[in-house]
>>> print(open('run_37.pdb').read())   # PDB, C-alpha atoms
ATOM      1  CA  MET K1375      -1.552 122.439 203.825
ATOM      2  CA  SER K1376      -1.879 118.897 205.142
ATOM      3  CA  MET K1377      -5.311 117.505 205.945
ATOM      4  CA  SER K1378      -6.239 116.231 209.382
ATOM      5  CA  VAL K1379      -8.276 113.226 210.453
ATOM      6  CA  GLU K1380      -9.843 112.228 213.751
ATOM      7  CA  ARG K1381      -8.258 109.391 215.718
ATOM      8  CA  THR K1382      -9.123 107.577 218.932
ATOM      9  CA  VAL K1383      -6.633 108.101 221.750
ATOM     10  CA  CYS K1384      -6.923 105.694 224.684
ATOM     11  CA  GLY K1385      -5.375 105.608 228.152
ATOM     12  CA  LEU K1386      -4.300 108.017 230.879
ATOM     13  CA  HIS K1387      -0.799 108.822 229.627
ATOM     14  CA  ALA K1388      -1.825 109.292 225.988
ATOM     15  CA  ALA K1389      -4.761 111.507 227.062
ATOM     16  CA  GLN K1390      -2.563 113.624 229.361
ATOM     17  CA  THR K1391      -0.005 114.077 226.565
ATOM     18  CA  ALA K1392      -2.707 115.174 224.105
ATOM     19  CA  LEU K1393      -4.160 117.639 226.634
ATOM     20  CA  GLU K1394      -0.728 119.076 227.442
ATOM     21  CA  HIS K1395       0.713 119.351 223.933
ATOM     22  CA  THR K1396      -2.222 119.560 221.520
ATOM     23  CA  PRO K1397      -5.261 120.678 223.584
ATOM     24  CA  ASP K1398      -6.737 122.497 220.577
ATOM     25  CA  LYS K1399      -6.875 119.178 218.684
ATOM     26  CA  VAL K1400      -9.096 117.348 221.225
ATOM     27  CA  VAL K1401     -12.656 117.228 219.850
ATOM     28  CA  ALA K1402     -14.529 114.802 222.147
ATOM     29  CA  ALA K1403     -14.011 112.824 225.369
ATOM     30  CA  TRP K1404     -15.492 109.806 227.115
ATOM     31  CA  LEU K1405     -14.709 108.929 230.740
ATOM     32  CA  ASP K1406     -15.657 105.937 232.874
ATOM     33  CA  GLY K1407     -18.342 107.240 235.258
ATOM     34  CA  GLN K1408     -17.388 104.585 237.825
ATOM     35  CA  ARG K1409     -13.843 105.907 238.233
ATOM     36  CA  SER K1410     -13.063 108.848 240.462
ATOM     37  CA  ASP K1411      -9.317 108.561 241.159
ATOM     38  CA  ALA K1412      -6.990 111.561 241.068
ATOM     39  CA  ARG K1413      -5.623 111.025 237.531
ATOM     40  CA  ILE K1414      -9.100 110.735 236.009
ATOM     41  CA  ALA K1415     -10.219 113.793 238.012
ATOM     42  CA  LYS K1416      -7.250 115.772 236.631
ATOM     43  CA  ILE K1417      -8.155 114.818 233.059
ATOM     44  CA  ARG K1418     -11.820 115.690 233.679
ATOM     45  CA  GLN K1419     -10.755 119.106 235.028
ATOM     46  CA  ALA K1420      -8.486 119.770 232.026
ATOM     47  CA  LEU K1421     -11.255 118.814 229.586
ATOM     48  CA  GLU K1422     -13.818 121.012 231.355
ATOM     49  CA  SER K1423     -11.441 123.989 231.386
ATOM     50  CA  LEU K1424     -11.038 123.564 227.602
ATOM     51  CA  GLY K1425     -14.817 123.580 227.215
ATOM     52  CA  ILE K1426     -14.928 120.010 225.915
ATOM     53  CA  THR K1427     -18.092 118.110 226.806
ATOM     54  CA  VAL K1428     -17.198 115.024 228.829
ATOM     55  CA  GLN K1429     -19.445 112.066 228.062
ATOM     56  CA  GLN K1430     -19.957 109.698 230.990
ATOM     57  CA  SER K1431     -19.692 106.096 229.851
ATOM     58  CA  ASP K1432     -19.580 102.636 231.324
ATOM     59  CA  ARG K1433     -16.692 100.243 230.948
ATOM     60  CA  ARG K1434     -18.463  98.097 228.353
ATOM     61  CA  ARG K1435     -19.009 100.991 225.968
ATOM     62  CA  LEU K1436     -15.413 102.170 226.421
ATOM     63  CA  ASP K1437     -14.097  98.632 225.792
ATOM     64  CA  LYS K1438     -16.060  98.526 222.534
ATOM     65  CA  MET K1439     -14.808 101.970 221.429
ATOM     66  CA  ALA K1440     -11.188 101.116 222.273
ATOM     67  CA  GLY K1441     -11.229  97.898 220.258
ATOM     68  CA  GLY K1442      -9.039  95.930 222.647
ATOM     69  CA  VAL K1443      -6.666  98.726 223.673
ATOM     70  CA  ASN K1444      -6.349  99.286 227.432
ATOM     71  CA  HIS K1445      -8.203 102.600 227.831
ATOM     72  CA  GLN K1446      -7.935 102.928 231.657
ATOM     73  CA  GLY K1447     -11.308 104.686 231.653
ATOM     74  CA  VAL K1448     -10.332 107.482 229.207
ATOM     75  CA  ILE K1449     -10.956 107.833 225.474
ATOM     76  CA  LEU K1450     -10.430 111.028 223.466
ATOM     77  CA  ARG K1451     -11.103 111.857 219.832
ATOM     78  CA  VAL K1452      -8.184 113.927 218.590
ATOM     79  CA  GLN K1453      -7.532 115.645 215.270
ATOM     80  CA  VAL K1454      -4.174 114.517 213.926
ATOM     81  CA  PRO K1455      -2.331 115.166 210.654
ATOM     82  CA  ALA K1456      -3.465 112.764 207.963
ATOM     83  CA  GLU K1457      -0.829 110.449 206.540
ATOM     84  CA  GLN K1458       0.817 111.956 203.491
ATOM     85  CA  GLY K1459       2.277 110.527 200.286
ATOM     86  CA  GLU K1460       5.328 110.804 198.051
ATOM     87  CA  ASN K1461       4.494 114.264 196.680
ATOM     88  CA  ALA K1462       4.143 115.809 200.137
ATOM     89  CA  LEU K1463       7.482 114.253 201.115
ATOM     90  CA  LEU K1464       9.264 115.837 198.158
ATOM     91  CA  ASP K1465       7.534 119.182 198.890
ATOM     92  CA  LEU K1466       8.789 119.021 202.484
ATOM     93  CA  LEU K1467      12.360 118.508 201.258
ATOM     94  CA  THR K1468      12.276 121.833 199.422
ATOM     95  CA  GLN K1469      10.951 123.681 202.502
ATOM     96  CA  LEU K1470      13.407 122.515 205.188
ATOM     97  CA  ASP K1471      16.047 124.992 206.388
ATOM     98  CA  HIS K1472      18.341 122.273 207.762
ATOM     99  CA  PRO K1473      19.768 118.938 206.527
ATOM    100  CA  PRO K1474      16.799 116.535 206.618
ATOM    101  CA  LEU K1475      16.663 113.482 208.867
ATOM    102  CA  PHE K1476      14.161 110.756 207.949
ATOM    103  CA  LEU K1477      13.422 107.344 209.409
ATOM    104  CA  VAL K1478      12.329 104.756 206.839
ATOM    105  CA  LEU K1479      10.578 101.572 208.012
ATOM    106  CA  ASP K1480      10.458  98.829 205.386
ATOM    107  CA  GLN K1481       7.229  96.912 206.134
ATOM    108  CA  VAL K1482       6.815  97.418 209.903
ATOM    109  CA  GLN K1483       3.881  95.250 211.006
ATOM    110  CA  ASP K1484       3.727  95.499 214.795
ATOM    111  CA  PRO K1485       1.771  98.547 216.088
ATOM    112  CA  HIS K1486       3.958  98.592 219.228
ATOM    113  CA  ASN K1487       7.071  98.928 217.065
ATOM    114  CA  LEU K1488       5.583 101.698 214.932
ATOM    115  CA  GLY K1489       4.400 103.576 218.043
ATOM    116  CA  ALA K1490       7.818 103.257 219.696
ATOM    117  CA  CYS K1491       9.562 104.416 216.482
ATOM    118  CA  LEU K1492       7.306 107.497 216.275
ATOM    119  CA  ARG K1493       8.028 108.328 219.908
ATOM    120  CA  THR K1494      11.798 108.101 219.368
ATOM    121  CA  ALA K1495      11.536 109.970 216.058
ATOM    122  CA  ASP K1496       9.804 112.859 217.840
ATOM    123  CA  ALA K1497      12.467 112.939 220.565
ATOM    124  CA  ALA K1498      15.296 112.841 218.002
ATOM    125  CA  GLY K1499      13.854 115.673 215.887
ATOM    126  CA  VAL K1500      13.148 113.535 212.829
ATOM    127  CA  ASP K1501      11.516 115.424 209.941
ATOM    128  CA  GLY K1502       9.305 112.513 208.939
ATOM    129  CA  VAL K1503       8.784 108.762 209.183
ATOM    130  CA  ILE K1504       8.387 106.962 205.865
ATOM    131  CA  VAL K1505       6.424 103.687 205.818
ATOM    132  CA  THR K1506       5.274 101.382 203.037
ATOM    133  CA  LYS K1507       1.659 101.018 201.871
ATOM    134  CA  ASP K1508       1.982  97.224 201.611
ATOM    135  CA  GLN K1509       2.618  94.933 204.553
ATOM    136  CA  SER K1510       2.670  97.817 207.058
ATOM    137  CA  VAL K1511       0.528  98.500 210.089
ATOM    138  CA  ALA K1512      -1.930 101.424 209.945
ATOM    139  CA  LEU K1513      -2.049 104.204 212.563
ATOM    140  CA  THR K1514      -4.201 102.212 214.992
ATOM    141  CA  PRO K1515      -5.233 103.190 218.569
ATOM    142  CA  THR K1516      -2.399 100.935 219.807
ATOM    143  CA  VAL K1517       0.132 102.922 217.742
ATOM    144  CA  PHE K1518      -1.201 106.170 219.247
ATOM    145  CA  LYS K1519      -1.073 104.788 222.781
ATOM    146  CA  VAL K1520       2.522 103.549 222.477
ATOM    147  CA  ALA K1521       3.629 106.736 220.668
ATOM    148  CA  SER K1522       2.480 108.809 223.699
ATOM    149  CA  GLY K1523       1.679 111.938 221.695
ATOM    150  CA  ALA K1524       4.297 111.549 218.958
ATOM    151  CA  ALA K1525       1.753 110.302 216.402
ATOM    152  CA  GLU K1526       0.201 113.762 216.652
ATOM    153  CA  THR K1527       3.497 115.555 215.966
ATOM    154  CA  VAL K1528       5.657 113.470 213.589
ATOM    155  CA  PRO K1529       4.638 113.538 209.898
ATOM    156  CA  VAL K1530       4.031 110.034 208.520
ATOM    157  CA  PHE K1531       4.541 109.475 204.781
ATOM    158  CA  ARG K1532       3.022 106.244 203.444
ATOM    159  CA  VAL K1533       4.527 105.450 200.037
ATOM    160  CA  THR K1534       3.411 102.997 197.361
ATOM    161  CA  ASN K1535       6.844 102.233 195.924
ATOM    162  CA  LEU K1536       9.654 102.489 198.488
ATOM    163  CA  ALA K1537      12.450 101.875 195.954
ATOM    164  CA  ARG K1538      11.213 104.798 193.840
ATOM    165  CA  THR K1539      10.903 107.035 196.931
ATOM    166  CA  LEU K1540      14.493 106.204 197.935
ATOM    167  CA  ARG K1541      15.628 107.065 194.385
ATOM    168  CA  ASP K1542      13.784 110.412 194.605
ATOM    169  CA  LEU K1543      15.395 111.152 197.986
ATOM    170  CA  LYS K1544      18.809 110.346 196.518
ATOM    171  CA  ASP K1545      18.154 112.663 193.577
ATOM    172  CA  ALA K1546      17.388 115.383 196.134
ATOM    173  CA  GLY K1547      20.793 114.838 197.772
ATOM    174  CA  VAL K1548      19.687 112.666 200.707
ATOM    175  CA  TRP K1549      22.137 109.931 201.746
ATOM    176  CA  ILE K1550      20.387 106.558 202.235
ATOM    177  CA  THR K1551      21.858 104.530 205.116
ATOM    178  CA  GLY K1552      20.417 101.059 205.719
ATOM    179  CA  ALA K1553      20.724  98.909 208.847
ATOM    180  CA  ALA K1554      21.869  95.361 208.092
ATOM    181  CA  GLY K1555      23.179  92.837 210.608
ATOM    182  CA  ASP K1556      25.754  91.489 208.138
ATOM    183  CA  ALA K1557      27.186  94.900 207.154
ATOM    184  CA  PRO K1558      30.943  95.018 207.855
ATOM    185  CA  GLN K1559      30.801  98.746 208.659
ATOM    186  CA  SER K1560      29.569  99.797 212.115
ATOM    187  CA  VAL K1561      27.198 102.771 212.435
ATOM    188  CA  TYR K1562      29.839 104.308 214.713
ATOM    189  CA  GLN K1563      32.314 104.431 211.787
ATOM    190  CA  THR K1564      29.780 106.114 209.491
ATOM    191  CA  ASP K1565      29.200 109.815 208.837
ATOM    192  CA  LEU K1566      25.544 110.610 209.596
ATOM    193  CA  LYS K1567      25.788 114.420 209.583
ATOM    194  CA  GLY K1568      24.363 115.472 206.189
ATOM    195  CA  PRO K1569      20.912 115.015 204.597
ATOM    196  CA  LEU K1570      20.037 111.512 205.786
ATOM    197  CA  ALA K1571      17.432 108.761 205.580
ATOM    198  CA  LEU K1572      17.972 105.847 207.982
ATOM    199  CA  VAL K1573      16.341 102.631 206.747
ATOM    200  CA  VAL K1574      15.335  99.828 209.119
ATOM    201  CA  GLY K1575      13.811  96.567 207.860
ATOM    202  CA  GLY K1576      10.591  94.996 209.108
ATOM    203  CA  GLU K1577      10.308  92.491 211.937
ATOM    204  CA  GLY K1578      12.092  89.198 211.377
ATOM    205  CA  LYS K1579      12.925  89.682 207.695
ATOM    206  CA  GLY K1580      14.974  92.869 207.722
ATOM    207  CA  MET K1581      15.171  95.031 204.616
ATOM    208  CA  ARG K1582      13.870  93.644 201.337
ATOM    209  CA  ARG K1583      16.489  93.024 198.629
ATOM    210  CA  LEU K1584      15.352  95.947 196.454
ATOM    211  CA  THR K1585      15.337  98.333 199.432
ATOM    212  CA  ARG K1586      18.839  97.190 200.342
ATOM    213  CA  GLU K1587      20.059  97.784 196.785
ATOM    214  CA  HIS K1588      18.890 101.401 196.956
ATOM    215  CA  CYS K1589      20.989 102.177 200.042
ATOM    216  CA  ASP K1590      24.191 104.194 199.602
ATOM    217  CA  VAL K1591      25.763 102.462 202.587
ATOM    218  CA  LEU K1592      24.868  99.569 204.891
ATOM    219  CA  VAL K1593      25.723  99.741 208.589
ATOM    220  CA  SER K1594      25.509  97.329 211.493
ATOM    221  CA  LEU K1595      25.198  97.700 215.250
ATOM    222  CA  PRO K1596      27.848  95.890 217.297
ATOM    223  CA  MET K1597      26.295  92.773 218.848
ATOM    224  CA  ARG K1598      28.225  91.498 221.865
ATOM    225  CA  GLY K1599      25.696  89.001 223.204
ATOM    226  CA  GLN K1600      24.150  85.747 222.034
ATOM    227  CA  VAL K1601      21.007  87.223 220.434
ATOM    228  CA  GLU K1602      21.374  87.845 216.697
ATOM    229  CA  SER K1603      19.532  91.165 216.380
ATOM    230  CA  LEU K1604      17.816  93.956 218.260
ATOM    231  CA  ASN K1605      14.105  94.689 218.232
ATOM    232  CA  LEU K1606      13.253  96.972 215.278
ATOM    233  CA  SER K1607      12.269 100.005 217.378
ATOM    234  CA  VAL K1608      15.331  99.668 219.643
ATOM    235  CA  ALA K1609      17.639  99.450 216.598
ATOM    236  CA  ALA K1610      15.928 102.525 215.102
ATOM    237  CA  GLY K1611      16.463 104.387 218.392
ATOM    238  CA  VAL K1612      20.168 103.552 218.556
ATOM    239  CA  LEU K1613      20.708 104.611 214.930
ATOM    240  CA  LEU K1614      18.754 107.852 215.296
ATOM    241  CA  TYR K1615      20.586 108.871 218.444
ATOM    242  CA  GLU K1616      23.987 108.213 216.878
ATOM    243  CA  ALA K1617      22.861 110.578 214.090
ATOM    244  CA  VAL K1618      21.675 113.112 216.717
ATOM    245  CA  ARG K1619      25.043 112.870 218.533
ATOM    246  CA  GLN K1620      27.086 113.410 215.360
ATOM    247  CA  ARG K1621      24.871 116.251 214.130
ATOM    248  CA  ALA K1622      25.099 118.040 217.497
ATOM    249  CA  LEU K1623      28.913 117.936 217.236
ATOM    250  CA  GLY K1624      28.779 119.476 213.757
ATOM    251  CA  VAL K1625      31.469 118.975 211.140
TER
END
>>> encode(input="run_37.pdb", output="structure tokens")
Amino acid sequence: MSMSVERTVCGLHAAQTALEHTPDKVVAAWLDGQRSDARIAKIRQALESLGITVQQSDRRRLDKMAGGVNHQGVILRVQVPAEQGENALLDLLTQLDHPPLFLVLDQVQDPHNLGACLRTADAAGVDGVIVTKDQSVALTPTVFKVASGAAETVPVFRVTNLARTLRDLKDAGVWITGAAGDAPQSVYQTDLKGPLALVVGGEGKGMRRLTREHCDVLVSLPMRGQVESLNLSVAAGVLLYEAVRQRALGV
């Protein structure tokens, strides 16, 4: 059984998502006593109906708690699954009743990118997002805000040695497909239907050499414009949804 930890969730949308999808995980709430608009009132009502004590706060205290994230007068403490490691990832592989789909992020450093990737991963039915221990952003309040509830639902596996993890996935029959701008093969010419891990490199640098060497195949996205590459989270979204499309069609 995976452990859970408490995280700070800030902002109207993130709070509404938590109250809609994981109301049993909300453990505490702070609202700006100066605000009385309809959206805040709705959140207050939802919290009270769940029996959660709402703590009236002022903007200064909320600003301090949010640590620079735009809280819009709402902060919740929510129980979320703790990040897991390599062993939990390999355990999950043995439990799945369908071909696995993983998203691997090689040193993602921007919390907005990680949050957006988690949100897309949730929508695409990804079984887990694998991130590196080194040179990777933690699950910060910004990640939770951008993920809009997905950080509470998508398992995150933080691994010490990505090359070794990719080897272990391969040994378990997972096909490792890496995104590389210089790959001659387009993602649209690639079979993404079986057990799959899609690897996207970190901002600016792309995949590290060792990560690249552990991929079974490298694929590119067609670039018709003047810009050399897509934003990491957009590229991850395009790749995941091509996999979703192919898998929906079946063999």
>>> closest_residue(input="run_37.pdb", among="K:Gly1407, K:Ala1420, K:Ile1414, K:Val1517", to="K:Asp1432", atoms="only C-alpha atoms")
K:Gly1407
>>> closest_residue(input="run_37.pdb", among="K:Ala1497, K:Leu1475, K:Leu1463, K:Val1454", to="K:Thr1382", atoms="all atoms listed in the file")
K:Val1454
>>> resolve_selection(input="run_37.pdb", expression="the PyMOL selection byres ((chain K and resi 1540) around 10)", output="ChimeraX atom specification")
/K:1478,1535-1539,1541-1546,1548-1550,1571,1573,1585,1588-1589
>>> residues_near_point(input="run_37.pdb", point="(5.2, 115.7, 223.5)", cutoff="10 Å", atoms="all atoms listed in the file", output="VMD selection string")
chain K and resid 1388 1390 to 1392 1394 to 1396 1493 1496 to 1497 1521 to 1527
>>> closest_residue(input="run_37.pdb", among="K:Asp1501, K:Asp1406, K:Asp1508, K:Asp1480", to="K:Leu1450", atoms="only C-alpha atoms")
K:Asp1406
>>> atom_distance(input="run_37.pdb", atom1="atom CA of K:Gln1429", atom2="atom CA of K:Ser1378")
23.3 Å
>>> resolve_selection(input="run_37.pdb", expression="the PyMOL selection byres ((chain K and resi 1570) around 9)", output="list of chain:residue names")
K:Pro1473, K:Pro1474, K:Leu1475, K:Phe1476, K:Leu1477, K:Gly1547, K:Val1548, K:Trp1549, K:Ile1550, K:Thr1551, K:Leu1566, K:Lys1567, K:Gly1568, K:Pro1569, K:Ala1571, K:Leu1572, K:Ala1617
>>> resolve_selection(input="run_37.pdb", expression="the PyMOL selection byres ((chain K and resi 1509) around 7)", output="compact mmCIF listing (two decimals) with C-alpha atoms, in the frame of the given file")
# COMPACT_ATOMS: atom_id res chain seq x y z
CA GLN K 1481 7.23 96.91 206.13
CA GLN K 1483 3.88 95.25 211.01
CA LYS K 1507 1.66 101.02 201.87
CA ASP K 1508 1.98 97.22 201.61
CA SER K 1510 2.67 97.82 207.06
CA VAL K 1511 0.53 98.50 210.09
